[in-house]
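Data block for target-v3.txt (compact mmCIF, C-alpha atoms (C1' of nucleotides)):
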# COMPACT_ATOMS: atom_id res chain seq x y z
CA MET N 1 -15.68 -33.71 -18.20
CA PRO N 2 -17.77 -31.84 -15.69
CA ASP N 3 -18.04 -32.72 -12.01
CA SER N 4 -14.89 -34.75 -12.19
CA TYR N 5 -12.40 -34.82 -9.40
CA HIS N 6 -9.82 -33.24 -11.62
CA HIS N 7 -10.94 -29.89 -12.80
CA GLY N 8 -9.31 -29.95 -16.17
CA ASP N 9 -7.84 -26.51 -16.54
CA LEU N 10 -7.94 -24.98 -13.11
CA ARG N 11 -4.98 -22.72 -13.60
CA ARG N 12 -6.55 -20.95 -16.54
CA THR N 13 -9.94 -20.83 -14.81
CA LEU N 14 -8.43 -19.22 -11.75
CA LEU N 15 -6.65 -16.60 -13.80
CA ASN N 16 -9.82 -15.81 -15.71
CA GLU N 17 -11.91 -15.52 -12.57
CA ALA N 18 -9.21 -13.35 -11.10
CA GLY N 19 -9.36 -11.15 -14.15
CA SER N 20 -13.07 -10.58 -13.86
CA VAL N 21 -12.92 -9.99 -10.11
CA LEU N 22 -10.17 -7.52 -10.76
CA GLU N 23 -12.15 -5.63 -13.36
CA ASP N 24 -15.26 -5.02 -11.35
CA GLN N 25 -14.07 -5.18 -7.75
CA GLY N 26 -10.50 -4.02 -7.76
CA ILE N 27 -7.33 -5.69 -6.61
CA ALA N 28 -8.10 -5.33 -2.92
CA ALA N 29 -11.04 -7.74 -3.33
CA LEU N 30 -8.85 -10.47 -4.75
CA SER N 31 -8.74 -13.56 -2.55
CA LEU N 32 -7.45 -17.02 -3.28
CA ARG N 33 -10.24 -18.64 -1.34
CA ASP N 34 -12.84 -16.68 -3.23
CA LEU N 35 -11.31 -17.66 -6.54
CA ALA N 36 -11.31 -21.28 -5.48
CA ARG N 37 -14.95 -20.95 -4.49
CA ARG N 38 -15.83 -19.47 -7.86
CA ALA N 39 -14.05 -22.28 -9.60
CA GLY N 40 -16.01 -24.76 -7.50
CA VAL N 41 -12.94 -26.17 -5.88
CA SER N 42 -11.49 -26.48 -2.41
CA ALA N 43 -9.66 -23.61 -0.76
CA THR N 44 -6.23 -25.11 -1.14
CA ALA N 45 -6.52 -26.39 -4.68
CA PRO N 46 -4.93 -23.26 -6.15
CA TYR N 47 -1.70 -24.12 -4.37
CA HIS N 48 -1.12 -26.89 -6.85
CA HIS N 49 -0.94 -24.35 -9.64
CA PHE N 50 0.58 -21.35 -7.91
CA LYS N 51 3.14 -21.06 -5.17
CA GLY N 52 0.85 -18.66 -3.38
CA LYS N 53 -1.21 -15.55 -3.85
CA ALA N 54 1.78 -13.52 -4.87
CA ASP N 55 2.58 -16.01 -7.58
CA LEU N 56 -0.93 -15.83 -8.98
CA VAL N 57 -0.87 -12.05 -8.99
CA CYS N 58 2.47 -12.23 -10.72
CA ALA N 59 1.01 -14.42 -13.46
CA LEU N 60 -1.85 -11.99 -13.72
CA SER N 61 0.47 -9.08 -14.20
CA GLU N 62 2.27 -11.05 -16.86
CA ASP N 63 -1.04 -11.31 -18.69
CA ALA N 64 -1.52 -7.59 -18.26
CA LEU N 65 1.85 -6.79 -19.77
CA LEU N 66 1.12 -9.02 -22.74
CA ALA N 67 -2.22 -7.31 -23.26
CA LEU N 68 -0.55 -3.93 -23.18
CA ASP N 69 2.04 -5.16 -25.62
CA ALA N 70 -0.66 -6.34 -28.02
CA GLU N 71 -2.34 -2.95 -27.91
CA LEU N 72 0.92 -1.26 -28.82
CA ALA N 73 1.63 -3.46 -31.80
CA ALA N 74 -1.10 -2.03 -33.99
CA PRO N 75 -0.02 1.33 -35.41
CA ASP N 76 2.07 1.31 -38.59
CA HIS N 77 2.79 4.83 -39.72
CA ALA N 78 5.54 5.29 -42.24
CA ASP N 79 7.05 8.17 -40.30
CA PRO N 80 8.76 6.76 -37.20
CA ARG N 81 7.94 9.89 -35.20
CA GLU N 82 4.28 9.50 -35.97
CA ARG N 83 4.47 5.82 -35.13
CA MET N 84 6.05 6.59 -31.82
CA ARG N 85 3.37 9.12 -30.97
CA ALA N 86 0.62 6.73 -31.94
CA GLN N 87 2.13 4.10 -29.67
CA GLY N 88 2.21 6.61 -26.85
CA VAL N 89 -1.44 7.45 -27.28
CA ALA N 90 -2.32 3.76 -27.42
CA TYR N 91 -0.38 3.25 -24.18
CA VAL N 92 -2.42 5.89 -22.38
CA LEU N 93 -5.71 4.68 -23.81
CA PHE N 94 -4.98 1.16 -22.68
CA ALA N 95 -4.35 2.39 -19.16
CA VAL N 96 -7.60 4.32 -19.05
CA GLU N 97 -9.66 1.50 -20.51
CA HIS N 98 -8.16 -1.25 -18.35
CA PRO N 99 -7.08 0.57 -15.22
CA GLU N 100 -6.85 -2.50 -13.02
CA ARG N 101 -4.72 -4.34 -15.50
CA PHE N 102 -2.51 -1.36 -16.03
CA ARG N 103 -2.06 -0.91 -12.29
CA LEU N 104 -1.27 -4.56 -11.89
CA ALA N 105 1.45 -4.44 -14.50
CA PHE N 106 3.40 -1.95 -12.40
CA ARG N 107 2.67 -2.87 -8.86
CA PRO N 108 5.04 -4.65 -6.58
CA ASP N 109 3.02 -4.94 -3.35
CA LEU N 110 2.06 -8.47 -4.13
CA GLY N 111 4.05 -10.51 -6.55
CA ASP N 112 6.58 -8.13 -7.87
CA PRO N 113 7.03 -8.77 -11.58
CA PHE N 114 10.44 -7.13 -11.67
CA GLU N 115 11.76 -8.87 -8.59
CA GLU N 116 15.11 -10.58 -8.88
CA GLN N 117 13.79 -14.06 -8.34
CA SER N 118 10.65 -14.04 -10.41
CA ARG N 119 12.02 -12.22 -13.39
CA SER N 120 11.45 -15.29 -15.49
CA LYS N 121 9.16 -14.38 -18.32
CA VAL N 122 7.76 -11.14 -17.11
CA LEU N 123 10.87 -9.15 -17.64
CA ASP N 124 11.17 -10.65 -21.07
CA ASP N 125 7.68 -9.46 -21.76
CA THR N 126 8.60 -5.99 -20.70
CA THR N 127 11.66 -6.02 -22.82
CA ILE N 128 9.49 -7.00 -25.76
CA ALA N 129 7.39 -3.90 -25.28
CA PHE N 130 10.56 -2.00 -24.57
CA ARG N 131 12.23 -3.35 -27.67
CA GLN N 132 9.44 -1.93 -29.80
CA LEU N 133 10.23 1.43 -28.30
CA ILE N 134 13.96 1.03 -28.76
CA ARG N 135 13.52 0.07 -32.38
CA VAL N 136 11.53 3.15 -33.24
CA VAL N 137 13.92 5.31 -31.24
CA ARG N 138 16.82 4.05 -33.32
CA GLU N 139 15.08 5.19 -36.46
CA ILE N 140 14.66 8.65 -35.03
CA GLU N 141 17.90 9.21 -33.16
CA PRO N 142 21.03 7.91 -34.88
CA ASP N 143 23.40 8.79 -32.04
CA PRO N 144 23.53 5.75 -29.70
CA ASP N 145 24.52 7.87 -26.73
CA ARG N 146 21.29 9.81 -26.95
CA GLN N 147 18.97 6.92 -27.67
CA LEU N 148 18.42 5.81 -24.10
CA GLY N 149 17.58 9.30 -22.96
CA LEU N 150 15.01 9.71 -25.68
CA ALA N 151 13.45 6.33 -25.02
CA MET N 152 13.23 7.04 -21.32
CA THR N 153 11.70 10.43 -21.83
CA ALA N 154 9.06 9.07 -24.15
CA TRP N 155 8.22 6.19 -21.89
CA SER N 156 8.20 8.38 -18.80
CA ALA N 157 5.90 10.98 -20.28
CA VAL N 158 3.40 8.46 -21.49
CA HIS N 159 3.58 6.30 -18.40
CA GLY N 160 3.28 9.31 -16.14
CA LEU N 161 0.20 10.60 -17.89
CA ALA N 162 -1.35 7.16 -17.66
CA ALA N 163 -0.54 6.95 -13.96
CA LEU N 164 -1.95 10.39 -13.21
CA LEU N 165 -5.12 9.46 -15.07
CA VAL N 166 -5.54 6.10 -13.40
CA ASP N 167 -4.32 6.68 -9.87
CA GLY N 168 -3.75 10.39 -9.56
CA PRO N 169 -5.47 13.72 -9.58
CA LEU N 170 -6.39 13.44 -13.26
CA ARG N 171 -8.81 10.65 -12.51
CA PRO N 172 -11.94 12.69 -13.23
CA VAL N 173 -10.67 13.19 -16.77
CA ALA N 174 -10.16 9.47 -17.38
CA ALA N 175 -13.82 8.86 -18.14
CA ASP N 176 -13.78 11.24 -21.09
CA ARG N 177 -12.02 9.30 -23.82
CA ASP N 178 -11.75 12.24 -26.17
CA ARG N 179 -10.13 14.46 -23.60
CA VAL N 180 -7.73 11.67 -22.71
CA ARG N 181 -6.78 11.23 -26.34
CA ALA N 182 -6.29 14.98 -26.75
CA LEU N 183 -4.14 15.11 -23.62
CA ALA N 184 -2.07 12.17 -24.76
CA GLU N 185 -1.50 13.69 -28.17
CA ASP N 186 -0.54 16.98 -26.61
CA VAL N 187 1.94 15.32 -24.30
CA THR N 188 3.54 13.17 -26.99
CA ARG N 189 3.85 16.19 -29.25
CA ARG N 190 5.70 18.09 -26.56
CA ILE N 191 8.54 15.65 -26.36
CA ARG N 192 11.60 16.77 -28.23
CA LEU N 193 12.35 14.09 -30.77
CA MET F 1 1.97 10.57 31.79
CA PRO F 2 3.31 7.12 31.02
CA ASP F 3 1.46 3.88 31.68
CA SER F 4 -1.76 5.73 32.03
CA TYR F 5 -5.03 4.36 30.75
CA HIS F 6 -5.21 7.15 28.25
CA HIS F 7 -2.30 7.05 25.92
CA GLY F 8 -1.96 10.76 25.36
CA ASP F 9 -1.29 11.08 21.66
CA LEU F 10 -2.18 7.74 20.21
CA ARG F 11 -3.14 9.05 16.80
CA ARG F 12 0.26 10.59 16.18
CA THR F 13 2.03 7.55 17.64
CA LEU F 14 0.14 5.22 15.31
CA LEU F 15 0.98 7.31 12.29
CA ASN F 16 4.63 7.40 13.24
CA GLU F 17 4.80 3.66 13.82
CA ALA F 18 3.03 3.17 10.52
CA GLY F 19 5.60 5.35 8.85
CA SER F 20 8.51 3.33 10.12
CA VAL F 21 6.85 0.00 9.33
CA LEU F 22 6.20 1.33 5.88
CA GLU F 23 9.78 2.32 5.34
CA ASP F 24 11.40 -0.95 6.20
CA GLN F 25 8.69 -3.51 5.57
CA GLY F 26 6.53 -2.12 2.83
CA ILE F 27 2.86 -1.35 2.68
CA ALA F 28 1.81 -5.01 2.53
CA ALA F 29 3.12 -5.51 6.07
CA LEU F 30 0.96 -2.75 7.47
CA SER F 31 -1.57 -4.03 9.99
CA LEU F 32 -3.72 -2.16 12.44
CA ARG F 33 -3.28 -4.81 15.09
CA ASP F 34 0.46 -4.68 14.73
CA LEU F 35 0.48 -0.92 15.03
CA ALA F 36 -1.66 -1.15 18.15
CA ARG F 37 0.75 -3.73 19.55
CA ARG F 38 3.71 -1.45 18.88
CA ALA F 39 1.96 1.41 20.58
CA GLY F 40 1.31 -0.83 23.59
CA VAL F 41 -2.41 -0.57 23.25
CA SER F 42 -5.32 -2.89 22.63
CA ALA F 43 -6.21 -4.07 19.15
CA THR F 44 -9.31 -1.93 18.86
CA ALA F 45 -7.94 1.30 20.26
CA PRO F 46 -7.00 2.68 16.82
CA TYR F 47 -10.67 2.70 15.88
CA HIS F 48 -11.18 5.67 18.15
CA HIS F 49 -8.80 7.72 16.03
CA PHE F 50 -9.42 6.32 12.55
CA LYS F 51 -12.55 5.04 10.91
CA GLY F 52 -10.62 1.98 9.82
CA LYS F 53 -7.45 0.88 8.14
CA ALA F 54 -8.29 2.73 4.96
CA ASP F 55 -8.68 5.93 6.90
CA LEU F 56 -5.30 5.54 8.52
CA VAL F 57 -3.64 4.85 5.20
CA CYS F 58 -5.37 7.91 3.85
CA ALA F 59 -3.94 10.05 6.62
CA LEU F 60 -0.57 8.52 5.89
CA SER F 61 -0.76 9.43 2.24
CA GLU F 62 -1.70 12.93 3.22
CA ASP F 63 1.55 13.10 5.15
CA ALA F 64 3.37 11.77 2.12
CA LEU F 65 1.96 14.44 -0.16
CA LEU F 66 2.94 17.13 2.30
CA ALA F 67 6.47 15.76 2.47
CA LEU F 68 6.72 15.76 -1.32
CA ASP F 69 5.42 19.29 -1.39
CA ALA F 70 8.03 20.41 1.09
CA GLU F 71 10.78 18.88 -1.04
CA LEU F 72 9.57 20.81 -4.07
CA ALA F 73 9.50 24.15 -2.36
CA ALA F 74 13.27 24.58 -2.15
CA PRO F 75 14.66 25.58 -5.55
CA ASP F 76 14.69 29.27 -6.42
CA HIS F 77 16.32 29.87 -9.76
CA ALA F 78 15.72 33.20 -11.42
CA ASP F 79 14.93 31.60 -14.77
CA PRO F 80 11.49 29.97 -14.54
CA ARG F 81 12.53 27.21 -16.94
CA GLU F 82 15.45 26.32 -14.75
CA ARG F 83 13.25 26.45 -11.70
CA MET F 84 10.78 24.12 -13.31
CA ARG F 85 13.49 21.64 -14.22
CA ALA F 86 14.93 21.78 -10.73
CA GLN F 87 11.52 21.00 -9.30
CA GLY F 88 11.19 18.08 -11.66
CA VAL F 89 14.52 16.64 -10.57
CA ALA F 90 13.55 17.12 -6.94
CA TYR F 91 10.31 15.27 -7.59
CA VAL F 92 12.13 12.27 -8.98
CA LEU F 93 14.74 12.28 -6.24
CA PHE F 94 12.05 12.34 -3.58
CA ALA F 95 10.42 9.30 -5.16
CA VAL F 96 13.66 7.36 -5.24
CA GLU F 97 14.64 8.29 -1.71
CA HIS F 98 11.23 7.63 -0.16
CA PRO F 99 9.73 5.01 -2.44
CA GLU F 100 7.10 3.82 0.02
CA ARG F 101 5.90 7.30 0.71
CA PHE F 102 5.83 8.17 -2.96
CA ARG F 103 3.86 5.03 -3.75
CA LEU F 104 1.44 5.75 -0.99
CA ALA F 105 0.75 9.23 -2.29
CA PHE F 106 -0.59 7.80 -5.54
CA ARG F 107 -2.18 4.53 -4.59
CA PRO F 108 -5.87 4.00 -4.27
CA ASP F 109 -6.09 0.32 -3.25
CA LEU F 110 -6.54 1.22 0.34
CA GLY F 111 -7.77 4.62 1.30
CA ASP F 112 -7.96 6.47 -1.94
CA PRO F 113 -6.77 10.02 -1.37
CA PHE F 114 -8.57 11.32 -4.45
CA GLU F 115 -11.83 9.56 -3.72
CA GLU F 116 -14.98 11.66 -3.84
CA GLN F 117 -15.80 11.26 -0.17
CA SER F 118 -12.42 11.66 1.42
CA ARG F 119 -11.15 14.52 -0.68
CA SER F 120 -11.07 16.68 2.39
CA LYS F 121 -7.57 17.99 2.79
CA VAL F 122 -5.66 15.66 0.57
CA LEU F 123 -6.84 17.11 -2.68
CA ASP F 124 -6.06 20.54 -1.37
CA ASP F 125 -2.59 19.36 -0.63
CA THR F 126 -2.24 18.13 -4.17
CA THR F 127 -3.48 21.38 -5.53
CA ILE F 128 -0.87 23.16 -3.47
CA ALA F 129 1.86 21.17 -5.17
CA PHE F 130 0.02 21.57 -8.43
CA ARG F 131 -0.32 25.30 -7.91
CA GLN F 132 3.44 25.63 -7.66
CA LEU F 133 3.62 24.00 -11.05
CA ILE F 134 0.90 26.15 -12.55
CA ARG F 135 2.58 29.31 -11.31
CA VAL F 136 5.86 28.54 -12.97
CA VAL F 137 4.08 27.41 -16.13
CA ARG F 138 2.37 30.80 -16.37
CA GLU F 139 5.73 32.50 -16.35
CA ILE F 140 6.90 30.36 -19.23
CA GLU F 141 3.81 30.06 -21.42
CA PRO F 142 1.74 33.23 -21.75
CA ASP F 143 -1.03 31.66 -23.84
CA PRO F 144 -3.63 30.32 -21.36
CA ASP F 145 -4.88 27.74 -23.82
CA ARG F 146 -1.49 26.06 -23.90
CA GLN F 147 -0.71 26.25 -20.20
CA LEU F 148 -2.56 23.15 -19.13
CA GLY F 149 -0.91 21.06 -21.82
CA LEU F 150 2.52 22.17 -20.77
CA ALA F 151 1.82 21.62 -17.10
CA MET F 152 0.48 18.12 -17.76
CA THR F 153 3.41 17.20 -19.93
CA ALA F 154 5.89 18.32 -17.33
CA TRP F 155 4.12 16.55 -14.51
CA SER F 156 3.61 13.41 -16.56
CA ALA F 157 7.22 13.13 -17.62
CA VAL F 158 8.55 13.58 -14.13
CA HIS F 159 5.92 11.42 -12.48
CA GLY F 160 6.37 8.70 -15.07
CA LEU F 161 10.11 8.58 -14.59
CA ALA F 162 9.59 8.38 -10.86
CA ALA F 163 7.08 5.56 -11.26
CA LEU F 164 9.33 3.58 -13.59
CA LEU F 165 12.18 3.97 -11.13
CA VAL F 166 10.16 3.01 -8.09
CA ASP F 167 7.77 0.35 -9.39
CA GLY F 168 8.88 -0.40 -12.91
CA PRO F 169 11.68 -1.82 -14.96
CA LEU F 170 14.03 1.01 -14.07
CA ARG F 171 14.21 -0.15 -10.48
CA PRO F 172 17.80 -1.36 -10.68
CA VAL F 173 18.83 2.19 -11.55
CA ALA F 174 17.07 3.69 -8.55
CA ALA F 175 19.88 2.83 -6.17
CA ASP F 176 22.38 4.93 -8.10
CA ARG F 177 21.54 8.48 -7.15
CA ASP F 178 23.82 10.06 -9.70
CA ARG F 179 22.33 8.11 -12.57
CA VAL F 180 18.87 8.98 -11.36
CA ARG F 181 19.74 12.64 -11.28
CA ALA F 182 21.25 12.46 -14.75
CA LEU F 183 18.20 10.69 -16.07
CA ALA F 184 15.88 13.20 -14.50
CA GLU F 185 17.82 16.11 -15.92
CA ASP F 186 17.83 14.52 -19.33
CA VAL F 187 14.11 13.95 -19.24
CA THR F 188 13.25 17.43 -18.03
CA ARG F 189 15.48 18.92 -20.69
CA ARG F 190 13.69 17.02 -23.41
CA ILE F 191 10.35 18.61 -22.71
CA ARG F 192 9.50 21.40 -25.11
CA LEU F 193 8.96 24.49 -22.98
C1' DG D 1 -20.04 15.85 42.86
C1' DT D 2 -22.59 14.15 39.41
C1' DA D 3 -23.29 13.69 34.32
C1' DT D 4 -21.16 13.57 29.97
C1' DT D 5 -17.92 12.52 26.76
C1' DA D 6 -13.54 10.78 24.97
C1' DT D 7 -10.66 7.09 25.28
C1' DC D 8 -9.52 2.62 25.93
C1' DT D 9 -10.26 -2.86 26.83
C1' DA D 10 -12.27 -7.56 26.13
C1' DA D 11 -14.55 -10.93 23.60
C1' DG D 12 -15.90 -12.54 19.40
C1' DC D 13 -17.23 -12.93 14.24
C1' DA D 14 -16.06 -13.73 9.61
C1' DC D 15 -12.53 -13.78 6.82
C1' DT D 16 -7.81 -14.45 4.99
C1' DG D 17 -3.16 -17.07 3.38
C1' DT D 18 -0.82 -21.16 4.12
C1' DC D 19 0.76 -25.72 5.76
C1' DA D 20 0.43 -30.89 6.63
C1' DA D 21 -1.59 -35.09 5.74
C1' DG D 22 -4.63 -37.97 3.31
C1' DT D 23 -7.60 -39.17 -1.14
C1' DT D 24 -8.66 -39.53 -5.79
C1' DT D 25 -7.46 -39.76 -10.47
C1' DG D 26 -4.60 -40.24 -14.65
C1' DT D 27 -0.27 -42.07 -16.55
C1' DT D 28 3.51 -45.20 -17.27
C1' DC D 29 5.82 -49.33 -17.47
C1' DC D 30 5.89 -54.27 -17.03
C1' DG G 1 -4.34 -56.68 -17.68
C1' DG G 2 -2.20 -54.72 -13.00
C1' DA G 3 1.30 -52.35 -10.03
C1' DA G 4 3.91 -48.10 -9.16
C1' DC G 5 3.99 -43.40 -9.46
C1' DA G 6 2.98 -38.63 -9.93
C1' DA G 7 -0.32 -35.03 -10.46
C1' DA G 8 -4.47 -32.92 -8.95
C1' DC G 9 -7.56 -32.25 -5.45
C1' DT G 10 -9.79 -32.44 -0.32
C1' DT G 11 -10.04 -32.04 4.71
C1' DG G 12 -8.64 -29.95 8.78
C1' DA G 13 -6.18 -26.85 11.18
C1' DC G 14 -3.25 -22.65 12.63
C1' DA G 15 -2.13 -17.99 12.94
C1' DG G 16 -3.22 -13.73 11.52
C1' DT G 17 -6.34 -10.00 9.89
C1' DG G 18 -10.23 -6.00 9.94
C1' DC G 19 -14.09 -4.73 12.34
C1' DT G 20 -18.35 -4.84 15.54
C1' DT G 21 -20.54 -4.87 19.96
C1' DA G 22 -20.57 -4.21 24.76
C1' DG G 23 -18.51 -2.71 28.76
C1' DA G 24 -14.71 -0.32 31.67
C1' DT G 25 -12.03 3.84 32.91
C1' DA G 26 -10.47 8.41 33.10
C1' DA G 27 -10.71 13.37 32.02
C1' DT G 28 -13.84 17.21 31.48
C1' DA G 29 -18.05 20.12 32.04
C1' DC G 30 -21.59 21.68 34.69

Please go through the file and, once you have read it, give me the structure as structure tokens.
Amino acid sequence: MPDSYHHGDLRRTLLNEAGSVLEDQGIAALSLRDLARRAGVSATAPYHHFKGKADLVCALSEDALLALDAELAAPDHADPRERMRAQGVAYVLFAVEHPERFRLAFRPDLGDPFEEQSRSKVLDDTTIAFRQLIRVVREIEPDPDRQLGLAMTAWSAVHGLAALLVDGPLRPVAADRDRVRALAEDVTRRIRL
Amino acid sequence: MPDSYHHGDLRRTLLNEAGSVLEDQGIAALSLRDLARRAGVSATAPYHHFKGKADLVCALSEDALLALDAELAAPDHADPRERMRAQGVAYVLFAVEHPERFRLAFRPDLGDPFEEQSRSKVLDDTTIAFRQLIRVVREIEPDPDRQLGLAMTAWSAVHGLAALLVDGPLRPVAADRDRVRALAEDVTRRIRL
DNA sequence: GTATTATCTAAGCACTGTCAAGTTTGTTCC
DNA sequence: GGAACAAACTTGACAGTGCTTAGATAATAC
């Protein structure tokens, strides 16, 4: 039903447009009005699907977390240590290949996904990714008192490398996929399991 | 020379105002016009000291990196491994105590400090902090081929923990300084040196 | 003391997020 | 069928933003 007064699936359209703007223009270039324009709709139409810009960004970051989660689901080594390392490498590769999405997943300027109020689904999404980690940690470390520390170390190392590659001084390296992979494997291997 | 046409030290004043706005309102609330207003000066005056908002933010992040660097300089254990761990803990504590500044130091939305063009002093500042790390790594790992890997692992782990505490799911923990310290010590201890 | 330069002001453009009020469409219930 | 209602969308407006251009003022250099 084209050219109708009701758009049909504006919410999804807006999120998709936002995604593509994000990928090739960065988050700073994201504007509600522009998205509305791209969707061929008035400037205030988005407000019927999102409470405001922050809310849209929040939904976007929810998408990003789900995408990250999907990327992490793949590896199925028999050895839990190997599986954990593979997940770590996948985490870093995701960040390098989708920097804007990765940034968005951990960025509270606009639409904080871990905010008290809006912790609806997003936090659940994180805990899903986190639960994967916890599960594999339990296989490796039987002592419950030491499980959290191990999980945090693993997550920190991998997340930190990703952040340094995406937003930090390691940026020049990010383009070279092989070097990134090598770095990620080195880092994951250096964590005491 | 108050109330004079020339402000005297507008540049410094703007940066200071920006710093305090940043601390208690966040980076999203940062506006050139507002800063000008606070400094008691016209809306366009800042443009004589900064090329634009991005440039100001860049200068701000330079300040932030210097502050982080200063925090890291303190510890002087005899054992290089202990010194390295102490620096790591200091890194994390700085992030938790000055979240806005830490964020700013690694955030390229506005005024990318590691951008090709503007890598004037900022990158040097980073390399100063990085050089501290490299130096201590050399004391620990004699094999040059393995030094970079170790340095990256250490930085990644510490930076990642900081990021998860400041912008990620570990935020609720960030308020509890003792838990943060314990976490940081745990993480640094789990890195294979 | 005049010319130059750095610093600041004033006015305005194009843009943004958001609100309030009205319009169109689809749905639901008789 | 048609009336009542809610959801989706539009128009118009307000306050705020970054930034440009053009002009005013003060300190400095010669």

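The nearest approach to chain N among the residues F:Ala36, F:Val96, F:Val136, F:Leu30, with only C-alpha atoms taken into account, belongs to F:Leu30.
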
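Nearest residue to chain N, choosing from F:Leu35, F:Ile140, F:Val166, F:Leu68 and counting all atoms listed in the file: F:Val166.
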
Handout entry: Exercise: DC19 of chain D partners within 12 Å, all atoms listed in the file, chain neighbours under 5 positions left out, as number ranges by chain
Key = N: 44, 47, 52; G: 12-15

Handout entry: Point-to-point distance from atom CA of His7 of chain N to atom C1' of DC29 of chain D, Å rounded to tenths
Key = 26.1 Å

Against chain D, which residues of chain N fall within 12 Å? For each one I want the closest pair of atoms and the distance in Å (one decimal), counting all atoms listed in the file, rows by chain and increasing residue number, as CSV.
residue,atom,partner,partner_atom,distance
N:Ser4,CA,D:DT25,C1',9.1
N:Tyr5,CA,D:DT24,C1',7.0
N:His6,CA,D:DT25,C1',7.0
N:His7,CA,D:DT25,C1',10.7
N:Gly8,CA,D:DG26,C1',11.4
N:Ala29,CA,D:DT16,C1',11.2
N:Leu30,CA,D:DT16,C1',10.6
N:Ser31,CA,D:DT16,C1',7.6
N:Leu32,CA,D:DG17,C1',7.9
N:Arg33,CA,D:DT16,C1',8.0
N:Asp34,CA,D:DT16,C1',9.9
N:Ala43,CA,D:DG17,C1',10.1
N:Thr44,CA,D:DT18,C1',8.5
N:Ala45,CA,D:DT18,C1',11.7
N:Pro46,CA,D:DT18,C1',11.3
N:Tyr47,CA,D:DT18,C1',9.0
N:Lys51,CA,D:DT18,C1',10.1
N:Gly52,CA,D:DG17,C1',8.0
N:Lys53,CA,D:DG17,C1',7.6
N:Ala54,CA,D:DG17,C1',10.3

Exercise for the section: Would you kindly report the residues of chain N within 10 Å of chain F, using only C-alpha atoms, as a ChimeraX atom specification? Expected result: /N:26-29,103,105-110,112-116,123,126-127,130,146,148-172,182-193

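Restricting the calculation to only C-alpha atoms (C1' of nucleotides), the smallest distance between chain F and any of G:DG2, G:DG23, G:DG16, G:DA29 is found for G:DG16.
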
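With atom CA of Asp76 of chain F on one side and atom CA of Leu93 of chain F on the other, the separation reads 17.0 Å.
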
Practice task
Give as a PyMOL selection string every residue of chain G that touches chain F within 9 Å, counting only C-alpha atoms (C1' of nucleotides).
Solution key: chain G and resi 17-19+25-26

Handout entry: Gap from atom CA of Gly40 of chain F to atom CA of Thr13 of chain F - Å, one decimal
Key =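 Calculated distance between atom CA of Gly40 of chain F and atom CA of Thr13 of chain F is 10.3 Å.
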
Problem - Nearby residues (only C-alpha atoms (C1' of nucleotides)) at most 10 Å from Leu15 of chain N, same-chain spacing under 2 positions excluded, as a PyMOL selection string - result: chain N and resi 10-13+17-21+35+56-57+59-60+63

Keeping just N, CA and C atoms, export segment 27-37 of chain F of this structure as a compact mmCIF listing (two decimals), in the first residue's frame.
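What follows is the written file out21.txt:
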# COMPACT_ATOMS: atom_id res chain seq x y z
N ILE F 27 28.19 15.04 28.80
CA ILE F 27 28.70 15.61 27.56
C ILE F 27 27.58 16.07 26.64
N ALA F 28 26.41 15.45 26.76
CA ALA F 28 25.30 15.81 25.88
C ALA F 28 24.84 17.24 26.15
N ALA F 29 25.07 17.73 27.36
CA ALA F 29 24.59 19.06 27.73
C ALA F 29 25.60 20.14 27.38
N LEU F 30 26.66 19.77 26.72
CA LEU F 30 27.71 20.72 26.40
C LEU F 30 27.33 21.53 25.17
N SER F 31 27.28 22.86 25.35
CA SER F 31 26.93 23.73 24.22
C SER F 31 27.81 24.96 24.21
N LEU F 32 28.31 25.29 23.05
CA LEU F 32 29.19 26.45 22.94
C LEU F 32 28.50 27.71 23.44
N ARG F 33 27.26 27.87 23.03
CA ARG F 33 26.53 29.08 23.41
C ARG F 33 26.38 29.17 24.92
N ASP F 34 26.11 28.04 25.53
CA ASP F 34 25.97 28.02 26.98
C ASP F 34 27.30 28.38 27.65
N LEU F 35 28.37 27.83 27.15
CA LEU F 35 29.68 28.15 27.71
C LEU F 35 29.97 29.64 27.59
N ALA F 36 29.66 30.19 26.43
CA ALA F 36 29.86 31.62 26.21
C ALA F 36 29.04 32.42 27.23
N ARG F 37 27.79 32.00 27.40
CA ARG F 37 26.91 32.66 28.35
C ARG F 37 27.52 32.64 29.74
